[in-house]
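**Student:** Pasting target-v8.csv below, which is CSV, C-alpha atoms.
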chain,number,residue,atom,x,y,z
A,202,MET,CA,-3.8,-4.6,32.2
A,203,GLU,CA,-6.8,-3.2,30.3
A,204,LEU,CA,-6.3,0.2,28.7
A,205,SER,CA,-9.1,2.8,29.0
A,206,LYS,CA,-11.0,3.8,25.9
A,207,THR,CA,-11.7,7.5,25.2
A,208,LEU,CA,-14.2,8.8,22.7
A,209,SER,CA,-13.9,12.2,21.0
A,210,SER,CA,-16.7,14.4,19.9
A,211,GLU,CA,-14.8,15.8,17.0
A,212,GLU,CA,-16.1,14.8,13.6
A,213,ILE,CA,-15.4,15.4,9.9
A,214,THR,CA,-18.5,17.0,8.5
A,215,ASP,CA,-19.8,18.7,5.4
A,216,ILE,CA,-17.0,17.6,3.0
A,217,ALA,CA,-17.4,19.0,-0.4
A,218,ASN,CA,-16.7,16.2,-3.0
A,219,GLU,CA,-16.4,18.0,-6.4
A,220,ASN,CA,-12.6,17.4,-6.3
A,221,GLY,CA,-12.8,14.2,-4.3
A,222,VAL,CA,-12.3,10.5,-5.1
A,223,GLY,CA,-16.0,9.6,-4.8
A,224,SER,CA,-17.2,6.0,-4.4
A,225,SER,CA,-14.1,3.9,-4.8
A,226,ASP,CA,-12.2,0.7,-3.9
A,227,SER,CA,-8.7,-0.5,-4.4
A,228,HIS,CA,-7.3,3.0,-4.4
A,229,ILE,CA,-4.1,4.0,-2.5
A,230,ALA,CA,-3.7,6.9,0.0
A,231,ILE,CA,-0.3,8.4,1.0
A,232,LYS,CA,0.1,10.9,3.8
A,233,GLY,CA,2.4,13.7,3.0
A,234,ASP,CA,4.7,15.6,5.4
A,235,SER,CA,2.1,18.4,5.9
A,236,SER,CA,-1.7,17.9,6.3
A,237,ILE,CA,-2.2,16.8,2.7
A,238,VAL,CA,-3.2,13.2,1.8
A,239,TYR,CA,-2.7,12.0,-1.8
A,240,PHE,CA,-5.1,9.5,-3.4
A,241,HIS,CA,-4.4,7.6,-6.6
A,242,GLY,CA,-6.1,4.9,-8.6
A,243,GLY,CA,-8.9,2.6,-7.7
A,244,ARG,CA,-12.2,1.8,-9.4
A,245,ASN,CA,-13.7,5.3,-9.6
A,246,GLU,CA,-13.8,8.2,-12.0
A,247,THR,CA,-10.6,10.0,-11.2
A,248,SER,CA,-9.2,9.6,-14.7
A,249,GLY,CA,-5.6,8.8,-13.6
A,250,THR,CA,-5.2,12.1,-11.7
A,251,ILE,CA,-3.9,12.5,-8.1
A,252,ARG,CA,-6.6,13.7,-5.7
A,253,ARG,CA,-5.7,15.6,-2.5
A,254,PHE,CA,-7.4,15.9,0.8
A,255,ASP,CA,-6.5,18.5,3.5
A,256,ILE,CA,-7.0,16.9,7.0
A,257,ARG,CA,-6.8,20.2,8.9
A,258,ARG,CA,-9.2,22.1,6.6
A,259,LYS,CA,-11.3,19.0,6.1
A,260,CYS,CA,-11.8,19.6,2.4
A,261,TRP,CA,-10.7,18.2,-1.0
A,262,LEU,CA,-8.2,20.3,-3.0
A,263,SER,CA,-7.9,20.6,-6.7
A,264,PRO,CA,-6.5,17.5,-8.4
A,265,ILE,CA,-2.9,17.4,-9.6
A,266,GLY,CA,-1.2,15.4,-12.4
A,267,THR,CA,-4.1,16.2,-14.8
A,268,GLN,CA,-1.9,16.6,-17.9
A,269,ASP,CA,-0.6,13.5,-19.7
A,270,SER,CA,-1.7,11.3,-16.8
A,271,PRO,CA,-1.6,7.5,-17.1
A,272,PRO,CA,-4.9,5.6,-17.3
A,273,THR,CA,-6.7,5.1,-14.0
A,274,ARG,CA,-5.4,1.9,-12.4
A,275,TYR,CA,-6.5,-0.4,-9.6
A,276,TYR,CA,-4.7,-3.4,-8.0
A,277,HIS,CA,-1.6,-1.3,-8.8
A,278,GLY,CA,1.5,-0.1,-7.0
A,279,PHE,CA,1.8,3.5,-6.0
A,280,VAL,CA,4.5,4.9,-3.6
A,281,PHE,CA,6.2,8.1,-2.7
A,282,ASN,CA,9.9,8.9,-2.6
A,283,PRO,CA,10.6,11.7,-0.1
A,284,LYS,CA,14.2,12.1,-1.4
A,285,ASN,CA,13.1,13.5,-4.8
A,286,SER,CA,9.4,14.4,-3.9
A,287,THR,CA,8.2,11.9,-6.6
A,288,PHE,CA,5.4,9.4,-6.8
A,289,TYR,CA,5.9,6.1,-8.6
A,290,LEU,CA,3.2,4.0,-10.3
A,291,PHE,CA,3.7,0.5,-11.5
A,292,GLY,CA,1.4,-2.0,-13.2
A,293,GLY,CA,-2.2,-2.8,-12.2
A,294,VAL,CA,-5.5,-3.1,-14.2
A,295,ASN,CA,-6.6,-0.3,-16.6
A,296,GLU,CA,-10.0,1.2,-15.4
A,297,ASP,CA,-10.4,3.5,-18.4
A,298,SER,CA,-11.2,2.8,-22.1
A,299,PRO,CA,-10.1,1.8,-24.6
A,300,ASN,CA,-7.9,-0.8,-22.8
A,301,GLN,CA,-10.2,-1.3,-19.8
A,302,GLY,CA,-9.4,-4.5,-18.0
A,303,HIS,CA,-6.0,-4.9,-19.5
A,304,LEU,CA,-3.0,-5.6,-17.2
A,305,SER,CA,0.0,-3.3,-17.3
A,306,ASN,CA,3.7,-3.4,-16.5
A,307,GLU,CA,4.2,0.3,-17.2
A,308,LEU,CA,6.2,2.5,-14.8
A,309,TYR,CA,5.3,6.1,-14.4
A,310,SER,CA,6.6,8.8,-12.0
A,311,TYR,CA,5.1,12.1,-11.0
A,312,GLN,CA,7.2,14.8,-9.5
A,313,LEU,CA,5.5,17.3,-7.3
A,314,LYS,CA,7.8,20.2,-8.1
A,315,SER,CA,7.5,20.0,-11.8
A,316,ASN,CA,3.9,18.8,-11.8
A,317,LYS,CA,4.7,16.4,-14.6
A,318,TRP,CA,4.2,12.7,-15.3
A,319,ASN,CA,7.1,10.8,-16.8
A,320,LYS,CA,6.8,7.4,-18.4
A,321,HIS,CA,9.9,5.1,-17.9
A,322,ASP,CA,10.3,3.0,-21.0
A,323,ILE,CA,12.6,0.0,-21.4
A,324,PRO,CA,15.9,1.2,-22.9
A,325,ILE,CA,16.6,-0.2,-26.3
A,326,ASP,CA,19.8,-1.8,-25.0
A,327,ASN,CA,17.7,-3.8,-22.5
A,328,LEU,CA,15.5,-5.3,-25.1
A,329,MET,CA,17.8,-8.2,-25.7
A,330,ASN,CA,16.8,-11.6,-24.2
A,331,ILE,CA,13.5,-10.3,-22.8
A,332,THR,CA,11.7,-12.8,-25.0
A,333,ASN,CA,12.3,-15.2,-27.9
A,334,ASP,CA,9.2,-13.9,-29.6
A,335,LYS,CA,10.5,-11.7,-32.4
A,336,GLU,CA,7.1,-10.2,-33.0
A,337,ILE,CA,6.7,-9.0,-29.4
A,338,GLU,CA,10.3,-7.8,-29.3
A,339,ASP,CA,9.9,-5.8,-32.6
A,340,SER,CA,6.7,-4.3,-31.2
A,341,LEU,CA,8.5,-3.2,-28.0
A,342,ARG,CA,11.3,-1.7,-30.0
A,343,ASN,CA,8.9,0.3,-32.2
A,344,ARG,CA,7.0,1.4,-29.1
A,345,ILE,CA,10.2,3.0,-27.7
A,346,LEU,CA,11.4,4.5,-31.0
A,347,GLN,CA,8.0,6.0,-31.7
A,348,ILE,CA,7.0,6.9,-28.1
A,349,LYS,CA,6.3,10.5,-28.9
A,350,GLU,CA,3.9,9.6,-31.7
A,351,ILE,CA,2.0,6.7,-30.1
A,352,LYS,CA,-0.4,7.7,-27.3
A,353,GLU,CA,-1.6,4.4,-26.2
A,354,GLU,CA,-0.5,0.8,-26.9
A,355,LYS,CA,-0.9,-2.4,-25.0
A,356,ARG,CA,2.5,-3.8,-23.9
A,357,ILE,CA,2.9,-7.6,-23.5
A,358,ILE,CA,5.9,-9.2,-21.9
A,359,PRO,CA,5.8,-12.9,-21.0
A,360,THR,CA,6.4,-14.4,-17.6
A,361,ASN,CA,9.8,-13.4,-16.2
A,362,ASN,CA,13.0,-15.4,-16.2
A,363,PHE,CA,16.4,-14.5,-14.9
A,364,ARG,CA,17.4,-13.0,-18.3
A,365,SER,CA,14.5,-10.6,-18.2
A,366,LEU,CA,15.3,-6.9,-17.5
A,367,TRP,CA,11.8,-5.6,-16.9
A,368,PRO,CA,9.0,-7.1,-14.8
A,369,CYS,CA,6.0,-8.6,-16.6
A,370,ILE,CA,2.4,-7.4,-16.5
A,371,ARG,CA,0.7,-7.9,-13.2
A,372,ARG,CA,-2.1,-6.9,-10.8
A,373,GLY,CA,-2.4,-7.2,-7.0
A,374,HIS,CA,1.3,-6.9,-6.5
A,375,ASN,CA,3.1,-5.0,-3.8
A,376,LEU,CA,5.3,-1.9,-4.3
A,377,ILE,CA,7.3,-0.2,-1.6
A,378,TYR,CA,9.9,2.6,-1.4
A,379,ARG,CA,13.1,1.2,0.0
A,380,SER,CA,14.7,4.2,1.8
A,381,VAL,CA,18.0,2.4,2.5
A,382,ASN,CA,18.8,2.0,-1.2
A,383,ASN,CA,16.6,4.8,-2.6
A,384,SER,CA,14.9,2.2,-4.7
A,385,LEU,CA,11.5,0.6,-5.4
A,386,ILE,CA,10.8,-3.0,-4.4
A,387,LEU,CA,8.2,-5.0,-6.3
A,388,PHE,CA,6.8,-8.3,-5.1
A,389,GLY,CA,4.5,-10.9,-6.7
A,390,GLY,CA,1.0,-10.3,-7.9
A,391,ASN,CA,-0.9,-12.1,-10.7
A,392,ASN,CA,-0.1,-11.9,-14.4
A,393,ALA,CA,-3.6,-13.1,-15.5
A,394,ASN,CA,-2.4,-16.7,-15.7
A,395,ASP,CA,-0.3,-17.4,-12.6
A,396,MET,CA,0.5,-16.1,-9.2
A,397,LEU,CA,3.9,-14.6,-8.9
A,398,SER,CA,6.6,-14.7,-6.1
A,399,ASP,CA,9.4,-12.7,-7.8
A,400,ILE,CA,11.1,-9.7,-6.2
A,401,TRP,CA,12.4,-6.9,-8.3
A,402,GLU,CA,14.3,-3.8,-7.3
A,403,TYR,CA,14.3,-0.6,-9.3
A,404,ASP,CA,17.4,1.6,-9.0
A,405,ILE,CA,15.9,5.1,-9.1
A,406,ASP,CA,19.3,6.8,-9.6
A,407,ASN,CA,20.2,4.6,-12.6
A,408,SER,CA,16.7,3.8,-13.9
A,409,LYS,CA,17.2,0.0,-14.0
A,410,TRP,CA,15.4,-3.0,-12.7
A,411,HIS,CA,17.1,-6.1,-11.4
A,412,ILE,CA,15.8,-9.3,-9.8
A,413,VAL,CA,16.4,-9.7,-6.1
A,414,PHE,CA,17.8,-13.1,-5.0
A,415,GLN,CA,15.7,-15.1,-2.5
A,416,ALA,CA,17.5,-17.7,-0.4
A,417,ASN,CA,14.2,-19.6,0.2
A,418,ASN,CA,10.7,-19.4,-1.2
A,419,ILE,CA,7.2,-18.5,-0.1
A,420,LYS,CA,3.9,-19.3,-1.9
A,421,ALA,CA,3.3,-17.1,-4.9
A,422,ARG,CA,0.5,-14.6,-4.0
A,423,ALA,CA,-1.5,-11.5,-5.0
A,424,TYR,CA,-3.6,-9.0,-3.1
A,425,ALA,CA,-1.5,-9.2,0.0
A,426,SER,CA,-0.7,-6.2,2.2
A,427,CYS,CA,2.8,-5.0,2.5
A,428,SER,CA,4.9,-2.9,5.0
A,429,TYR,CA,8.5,-1.9,5.2
A,430,PHE,CA,10.6,-1.5,8.4
A,431,THR,CA,14.2,-0.5,8.9
A,432,SER,CA,14.5,-1.3,12.6
A,433,PRO,CA,15.6,-3.5,14.3
A,434,LYS,CA,16.6,-4.8,10.9
A,435,GLU,CA,15.6,-4.0,7.3
A,436,ILE,CA,12.6,-6.1,6.5
A,437,MET,CA,9.5,-6.3,4.2
A,438,ILE,CA,6.4,-7.8,5.7
A,439,LEU,CA,3.6,-9.4,3.6
A,440,PHE,CA,0.3,-10.2,5.2
A,441,GLY,CA,-2.4,-12.4,3.9
A,442,GLY,CA,-3.5,-12.4,0.3
A,443,ASP,CA,-4.6,-15.0,-2.3
A,444,VAL,CA,-2.2,-18.0,-2.9
A,445,GLY,CA,-4.5,-20.0,-5.2
A,446,ASN,CA,-3.8,-20.2,-9.0
A,447,SER,CA,-7.0,-21.7,-10.5
A,448,ASN,CA,-9.1,-21.2,-7.3
A,449,GLN,CA,-9.1,-18.6,-4.6
A,450,VAL,CA,-7.2,-19.7,-1.6
A,451,LEU,CA,-6.9,-17.0,1.1
A,452,THR,CA,-4.1,-17.1,3.7
A,453,ASN,CA,-3.4,-15.4,7.0
A,454,GLU,CA,0.4,-16.0,6.8
A,455,ILE,CA,2.8,-13.3,7.8
A,456,CYS,CA,5.9,-13.5,5.6
A,457,ILE,CA,8.9,-11.5,6.5
A,458,PHE,CA,11.8,-10.9,4.1
A,459,ASP,CA,15.2,-9.9,5.5
A,460,PHE,CA,17.0,-7.8,3.0
A,461,TYR,CA,20.4,-8.7,4.5
A,462,SER,CA,20.1,-12.5,4.6
A,463,LYS,CA,17.6,-12.7,1.7
A,464,LEU,CA,15.7,-15.2,3.8
A,465,TRP,CA,11.9,-15.4,4.3
A,466,THR,CA,10.5,-16.1,7.8
A,467,ILE,CA,6.9,-17.5,7.7
A,468,ILE,CA,4.6,-17.1,10.6
A,469,ILE,CA,1.3,-18.9,10.6
A,470,PRO,CA,-1.0,-17.8,13.5
A,471,ASN,CA,-2.8,-20.6,15.3
A,472,GLU,CA,-6.0,-18.7,16.1
A,473,ILE,CA,-5.7,-15.0,15.3
A,474,PRO,CA,-6.0,-13.2,13.0
A,475,PRO,CA,-8.7,-14.7,10.8
A,476,ILE,CA,-8.1,-15.3,7.1
A,477,PHE,CA,-7.9,-12.1,5.2
A,478,GLY,CA,-8.5,-11.8,1.5
A,479,HIS,CA,-8.0,-9.0,-1.0
A,480,SER,CA,-6.3,-5.9,0.3
A,481,CYS,CA,-6.9,-5.5,4.0
A,482,SER,CA,-5.6,-2.2,5.3
A,483,THR,CA,-2.3,-2.0,7.0
A,484,ILE,CA,-0.2,0.8,8.4
A,485,ASN,CA,3.0,1.2,10.5
A,486,ILE,CA,2.5,2.7,13.9
A,487,GLY,CA,5.8,3.7,15.4
A,488,PRO,CA,9.0,1.8,14.7
A,489,TYR,CA,7.8,-1.7,15.6
A,490,ASP,CA,4.0,-2.1,15.3
A,491,LEU,CA,1.9,-3.0,12.2
A,492,ILE,CA,-1.8,-2.3,12.4
A,493,ILE,CA,-4.1,-4.6,10.3
A,494,TYR,CA,-7.7,-3.7,9.7
A,495,GLY,CA,-10.6,-5.2,7.7
A,496,GLY,CA,-10.3,-7.4,4.6
A,497,CYS,CA,-12.7,-10.1,3.6
A,498,ASN,CA,-13.4,-13.8,3.9
A,499,ASP,CA,-13.7,-16.4,1.1
A,500,ASP,CA,-17.2,-15.1,0.2
A,501,TYR,CA,-15.9,-11.5,-0.1
A,502,VAL,CA,-17.8,-10.5,3.0
A,503,PRO,CA,-16.0,-7.5,4.5
A,504,LEU,CA,-14.5,-7.8,8.0
A,505,SER,CA,-14.2,-5.4,10.9
A,506,SER,CA,-11.4,-7.1,12.8
A,507,CYS,CA,-8.3,-5.1,13.9
A,508,TYR,CA,-4.9,-6.6,14.9
A,509,ARG,CA,-1.5,-5.4,15.9
A,510,PHE,CA,1.7,-7.3,14.8
A,511,ASN,CA,4.9,-6.5,16.7
A,512,VAL,CA,8.1,-6.8,14.6
A,513,LEU,CA,10.2,-7.4,17.8
A,514,THR,CA,8.2,-10.2,19.3
A,515,TYR,CA,6.5,-11.5,16.1
A,516,GLN,CA,3.3,-11.6,18.1
A,517,PHE,CA,-0.3,-10.7,17.2
A,518,SER,CA,-2.7,-9.0,19.6
A,519,GLN,CA,-6.3,-8.2,18.9
A,520,ILE,CA,-7.5,-4.6,19.2
A,521,GLU,CA,-11.1,-3.9,20.1
A,522,VAL,CA,-12.6,-1.2,17.9
A,523,ASP,CA,-16.0,0.0,19.1
A,524,ASN,CA,-18.6,-0.1,16.3
A,525,GLY,CA,-15.7,-0.8,13.8
A,526,PRO,CA,-16.9,-0.7,10.2
A,527,ALA,CA,-16.7,-3.9,8.1
A,528,ILE,CA,-14.6,-2.8,5.2
A,529,ASN,CA,-12.5,-4.2,2.4
A,530,CYS,CA,-10.2,-2.7,-0.3
A,531,SER,CA,-10.1,0.6,1.7
A,532,ALA,CA,-7.2,3.0,2.0
A,533,MET,CA,-5.8,3.7,5.4
A,534,PHE,CA,-3.3,6.3,6.6
A,535,TYR,CA,-2.1,7.7,9.9
A,536,ASP,CA,-1.9,11.4,10.9
A,537,GLU,CA,0.8,12.0,13.5
A,538,PHE,CA,-0.6,15.4,14.4
A,539,SER,CA,-4.1,14.3,15.4
A,540,LYS,CA,-2.9,10.8,16.4
A,541,ARG,CA,-5.6,9.2,14.3
A,542,LEU,CA,-6.0,6.5,11.7
A,543,PHE,CA,-8.2,7.3,8.7
A,544,LEU,CA,-10.0,4.9,6.4
A,545,TYR,CA,-11.5,6.1,3.1
A,546,GLY,CA,-13.8,4.2,0.7
A,547,GLY,CA,-13.7,0.5,-0.1
A,548,TYR,CA,-16.5,-2.1,0.0
A,549,ASP,CA,-18.7,-2.2,3.0
A,550,THR,CA,-21.7,-4.6,3.6
A,551,ILE,CA,-23.7,-2.6,1.0
A,552,GLY,CA,-21.2,-2.1,-1.8
A,553,ARG,CA,-18.6,0.4,-3.0
A,554,CYS,CA,-18.6,3.4,-0.8
A,555,LYS,CA,-17.1,6.9,-0.2
A,556,ARG,CA,-17.3,6.8,3.6
A,557,TRP,CA,-14.8,8.4,5.9
A,558,PHE,CA,-13.9,6.7,9.2
A,559,TYR,CA,-11.4,7.9,11.6
A,560,ILE,CA,-9.9,5.9,14.5
A,561,GLU,CA,-7.9,7.2,17.5
A,562,LYS,CA,-4.6,5.9,18.7
A,563,ILE,CA,-4.5,6.2,22.5
A,564,ASN,CA,-1.3,5.9,24.4
A,565,LEU,CA,-1.4,4.9,28.0
A,566,GLN,CA,1.2,7.4,28.9
A,567,THR,CA,-0.9,10.2,27.4
A,568,ILE,CA,-3.8,9.2,29.6
A,569,LEU,CA,-1.7,9.0,32.7
A,570,SER,CA,-0.2,12.4,32.0
A,571,HIS,CA,-3.5,13.9,33.3
A,572,PHE,CA,-3.0,12.0,36.6
A,573,PRO,CA,0.6,12.7,37.7
A,574,LYS,CA,0.2,10.9,41.1
A,575,LEU,CA,-1.3,7.8,39.5
A,576,GLU,CA,1.5,7.8,36.8
A,577,LYS,CA,4.2,7.9,39.5
A,578,VAL,CA,2.6,5.0,41.4
A,579,LEU,CA,2.2,2.9,38.2
A,580,LYS,CA,5.7,3.5,37.1
A,581,ASN,CA,6.9,1.7,40.3
A,582,PHE,CA,4.7,-1.4,39.7
A,583,THR,CA,4.0,-1.6,36.0
A,584,VAL,CA,6.2,-3.2,33.3
A,585,LYS,CA,7.7,-0.5,31.1
A,586,THR,CA,6.3,-1.8,27.9
A,587,TYR,CA,2.8,-0.9,29.1
A,588,PHE,CA,3.7,2.8,28.5
A,589,ASN,CA,4.3,2.0,24.8
A,590,ASP,CA,1.0,0.0,24.4
A,591,ILE,CA,-1.8,1.3,22.3
A,592,ASP,CA,-5.6,1.0,22.2
A,593,ILE,CA,-7.7,2.0,19.2
A,594,THR,CA,-11.3,3.3,19.4
A,595,LEU,CA,-13.5,4.1,16.5
A,596,LEU,CA,-14.7,7.7,16.7
A,597,LYS,CA,-16.9,9.0,14.0
A,598,GLU,CA,-18.0,8.2,10.5
A,599,ASN,CA,-18.8,10.6,7.7
A,600,ASN,CA,-20.7,10.1,4.4
A,601,GLU,CA,-19.8,12.8,2.0
Now that the file is in, can you turn its structure into structure tokens?

**Tutor:**
Amino acid sequence: MELSKTLSSEEITDIANENGVGSSDSHIAIKGDSSIVYFHGGRNETSGTIRRFDIRRKCWLSPIGTQDSPPTRYYHGFVFNPKNSTFYLFGGVNEDSPNQGHLSNELYSYQLKSNKWNKHDIPIDNLMNITNDKEIEDSLRNRILQIKEIKEEKRIIPTNNFRSLWPCIRRGHNLIYRSVNNSLILFGGNNANDMLSDIWEYDIDNSKWHIVFQANNIKARAYASCSYFTSPKEIMILFGGDVGNSNQVLTNEICIFDFYSKLWTIIIPNEIPPIFGHSCSTINIGPYDLIIYGGCNDDYVPLSSCYRFNVLTYQFSQIEVDNGPAINCSAMFYDEFSKRLFLYGGYDTIGRCKRWFYIEKINLQTILSHFPKLEKVLKNFTVKTYFNDIDITLLKENNE
């Protein structure tokens, strides 16, 4: 059964950008409980601060986290913990001088209530057995003892082993907030020499990292997209990414990690979706659907494909998006109030951009609610799942 497509005339217009992100890629957007969206990082000129956009008022607000902010990062991890109203930043590539291009394994937090950044350093007791390199170990110890006096220093920790108590430097990793444990989950990435496939968990209450056991293995990868579901079971979903060490090798695998069994399930689509590369945009829609948009091919050409993955059936379905933008390394978020997906920035076919796209989520039941008699007839002859189906249509685009 084909779902109707409905266009809206509403458009985001005349957005002032003095407090905005500007042209950017590889940034992260997080939708708050209200109408505010928080942006962090990316290749831009935000200087490590958190930028805010008000969806209802359609304007950028003053930046927050302007004091003692970490360097601007891209290919980093940035998540929000609603339990303590705190953002967490881990790793990535420094965008700012003097350490531009250096990889990091630093962990920062920013609490909305106090408006303060906090750097989480390795406890001195945890320095044992991180490395056999005495020079590096002494450097780390001095870094912690003199943290108040040293403003900036490159930290180097070699590739992890099971004795390590802190994740190594990396980029293109995945970081999620695990609500069940009130913890952070870190997966994979690239440490400048090798692809990684390790899983780390950060206990927020006790400020400690530990390695998560994996009963089986998947290919090490970076630049994959990641989502977290708690129903029907607690899982982490990785999609796509680069699995090549010396050469780029893009994949369209779906890898599902079950937190209870510690097992990975690997799904390789036969035909759809196409191969995605660095940082396609993904978002959870409802309890069981993952929406995947954009990405790039082996030649870094942006894509405009859109797919839905259902966590109950493990099935893909393609979604037609009228005039959908070809975009890569964009940030996507969903606004429950307006029932729209938003995309900001990324690489289009011309280059790095500051374009806004918004996409509508249309529910068949919403459409039928305007036709009570038709709804009654269809309920007698239509499978129930149709009423939970979705269709997505591109609405408008705005260049600031």

**Student:** Near range 498-515 of chain A, counting only C-alpha atoms, which residues have an atom at most 6 Å away, once you skip same-chain residues fewer than 2 positions from it, shown as an MDAnalysis selection string?

**Tutor:** chainID A and resid 477:478 489:496 517:520 525:529

**Student:** So which residues fall inside 9 Å of (20.0, -6.8, 4.4) if we count only C-alpha atoms? Mind giving them as a ChimeraX atom specification?

**Tutor:** /A:434-436,459-463

**Student:** Separation of CA of Ile237 in chain A and CA of Phe254 in chain A, in Å?

**Tutor:**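 It comes out at 5.6 Å.
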
**Student:** Excluding Glu454 in chain A and its own-chain neighbours fewer than 4 positions away, which residues fall within 9 Å of it when counting all atoms listed in the file? Please give them as a PDB file with C-alpha atoms, keeping the file's coordinate frame.

**Tutor:**
ATOM      1  CA  LEU A 439       3.600  -9.400   3.600  1.00  0.00           C
ATOM      2  CA  PHE A 440       0.300 -10.200   5.200  1.00  0.00           C
ATOM      3  CA  GLY A 441      -2.400 -12.400   3.900  1.00  0.00           C
ATOM      4  CA  GLY A 442      -3.500 -12.400   0.300  1.00  0.00           C
ATOM      5  CA  ILE A 467       6.900 -17.500   7.700  1.00  0.00           C
ATOM      6  CA  ILE A 468       4.600 -17.100  10.600  1.00  0.00           C
ATOM      7  CA  ILE A 469       1.300 -18.900  10.600  1.00  0.00           C
ATOM      8  CA  PRO A 470      -1.000 -17.800  13.500  1.00  0.00           C
ATOM      9  CA  ILE A 476      -8.100 -15.300   7.100  1.00  0.00           C
TER      10      ILE A 476
END

**Student:** Skipping near chain neighbours, those fewer than 3 positions away, what residues fall within 9 Å of Arg379 in chain A using all atoms listed in the file, listed as a short mmCIF file (atom, residue, chain, number, x, y, z; two decimals) with C-alpha atoms, keeping the file's coordinate frame?

**Tutor:**
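Result saved to around-v1.cif:
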data_model
loop_
_atom_site.label_atom_id
_atom_site.label_comp_id
_atom_site.auth_asym_id
_atom_site.auth_seq_id
_atom_site.Cartn_x
_atom_site.Cartn_y
_atom_site.Cartn_z
CA ASN A 282 9.90 8.90 -2.60
CA ASN A 382 18.80 2.00 -1.20
CA ASN A 383 16.60 4.80 -2.60
CA SER A 384 14.90 2.20 -4.70
CA LEU A 385 11.50 0.60 -5.40
CA ILE A 386 10.80 -3.00 -4.40
CA GLU A 402 14.30 -3.80 -7.30
CA TYR A 429 8.50 -1.90 5.20
#

**Student:** In Å, rounded to a single decimal, give me how far CA of Glu472 in chain A is from CA of Thr452 in chain A.

**Tutor:**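 Separation of CA of Thr452 in chain A and CA of Glu472 in chain A: 12.6 Å.
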
**Student:** Could you tell me which of A:Gly242, A:Pro433, A:Gly292, A:Gly233 comes closest to Asp536 in chain A if we count all atoms listed in the file?

**Tutor:**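 Using all atoms listed in the file, Asp536 in chain A sits closest to A:Gly233.
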
**Student:** I'd like the interatomic distance between CA of Lys232 in chain A and CA of Asp399 in chain A, to a tenth of an Å.

**Tutor:**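 Going from CA of Lys232 in chain A over to CA of Asp399 in chain A, I get 27.9 Å.
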
**Student:** Quick one: of A:Gln516, A:Asn245, A:Asn316, A:Asn220, who's nearest to Trp261 in chain A, counting all atoms listed in the file?

**Tutor:**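 Smallest distance to Trp261 in chain A is found for A:Asn220.
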
**Student:** Go through A:Trp557, A:Phe430, A:Trp318, A:Tyr545 one by one, measure the shortest atom-to-atom distance of each to Phe240 in chain A using only C-alpha atoms, and give the residue with the smallest value.

**Tutor:** A:Tyr545

**Student:** Looking at A:Tyr548, A:Tyr559, A:Tyr289, A:Tyr424, which one is nearest to Tyr378 in chain A, with distances taken over all atoms listed in the file?

**Tutor:**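 For Tyr378 in chain A, the nearest of the given residues is A:Tyr289.
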
**Student:** Using only C-alpha atoms, which residues sit within 9 Å of Gly249 in chain A once same-chain residues fewer than 2 positions away are excluded, as an NGL selection string?

**Tutor:** :A and (241-242 or 246-247 or 251 or 266-267 or 270-274 or 296-297)

**Student:** Next, write the just-selected residues to a file, as a PDB file, in the coordinates of the input, keeping C-alpha atoms as the atom set.

**Tutor:**
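Result went into again26.pdb, see below:
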ATOM      1  CA  HIS A 241      -4.400   7.600  -6.600  1.00  0.00           C
ATOM      2  CA  GLY A 242      -6.100   4.900  -8.600  1.00  0.00           C
ATOM      3  CA  GLU A 246     -13.800   8.200 -12.000  1.00  0.00           C
ATOM      4  CA  THR A 247     -10.600  10.000 -11.200  1.00  0.00           C
ATOM      5  CA  ILE A 251      -3.900  12.500  -8.100  1.00  0.00           C
ATOM      6  CA  GLY A 266      -1.200  15.400 -12.400  1.00  0.00           C
ATOM      7  CA  THR A 267      -4.100  16.200 -14.800  1.00  0.00           C
ATOM      8  CA  SER A 270      -1.700  11.300 -16.800  1.00  0.00           C
ATOM      9  CA  PRO A 271      -1.600   7.500 -17.100  1.00  0.00           C
ATOM     10  CA  PRO A 272      -4.900   5.600 -17.300  1.00  0.00           C
ATOM     11  CA  THR A 273      -6.700   5.100 -14.000  1.00  0.00           C
ATOM     12  CA  ARG A 274      -5.400   1.900 -12.400  1.00  0.00           C
ATOM     13  CA  GLU A 296     -10.000   1.200 -15.400  1.00  0.00           C
ATOM     14  CA  ASP A 297     -10.400   3.500 -18.400  1.00  0.00           C
TER      15      ASP A 297
END
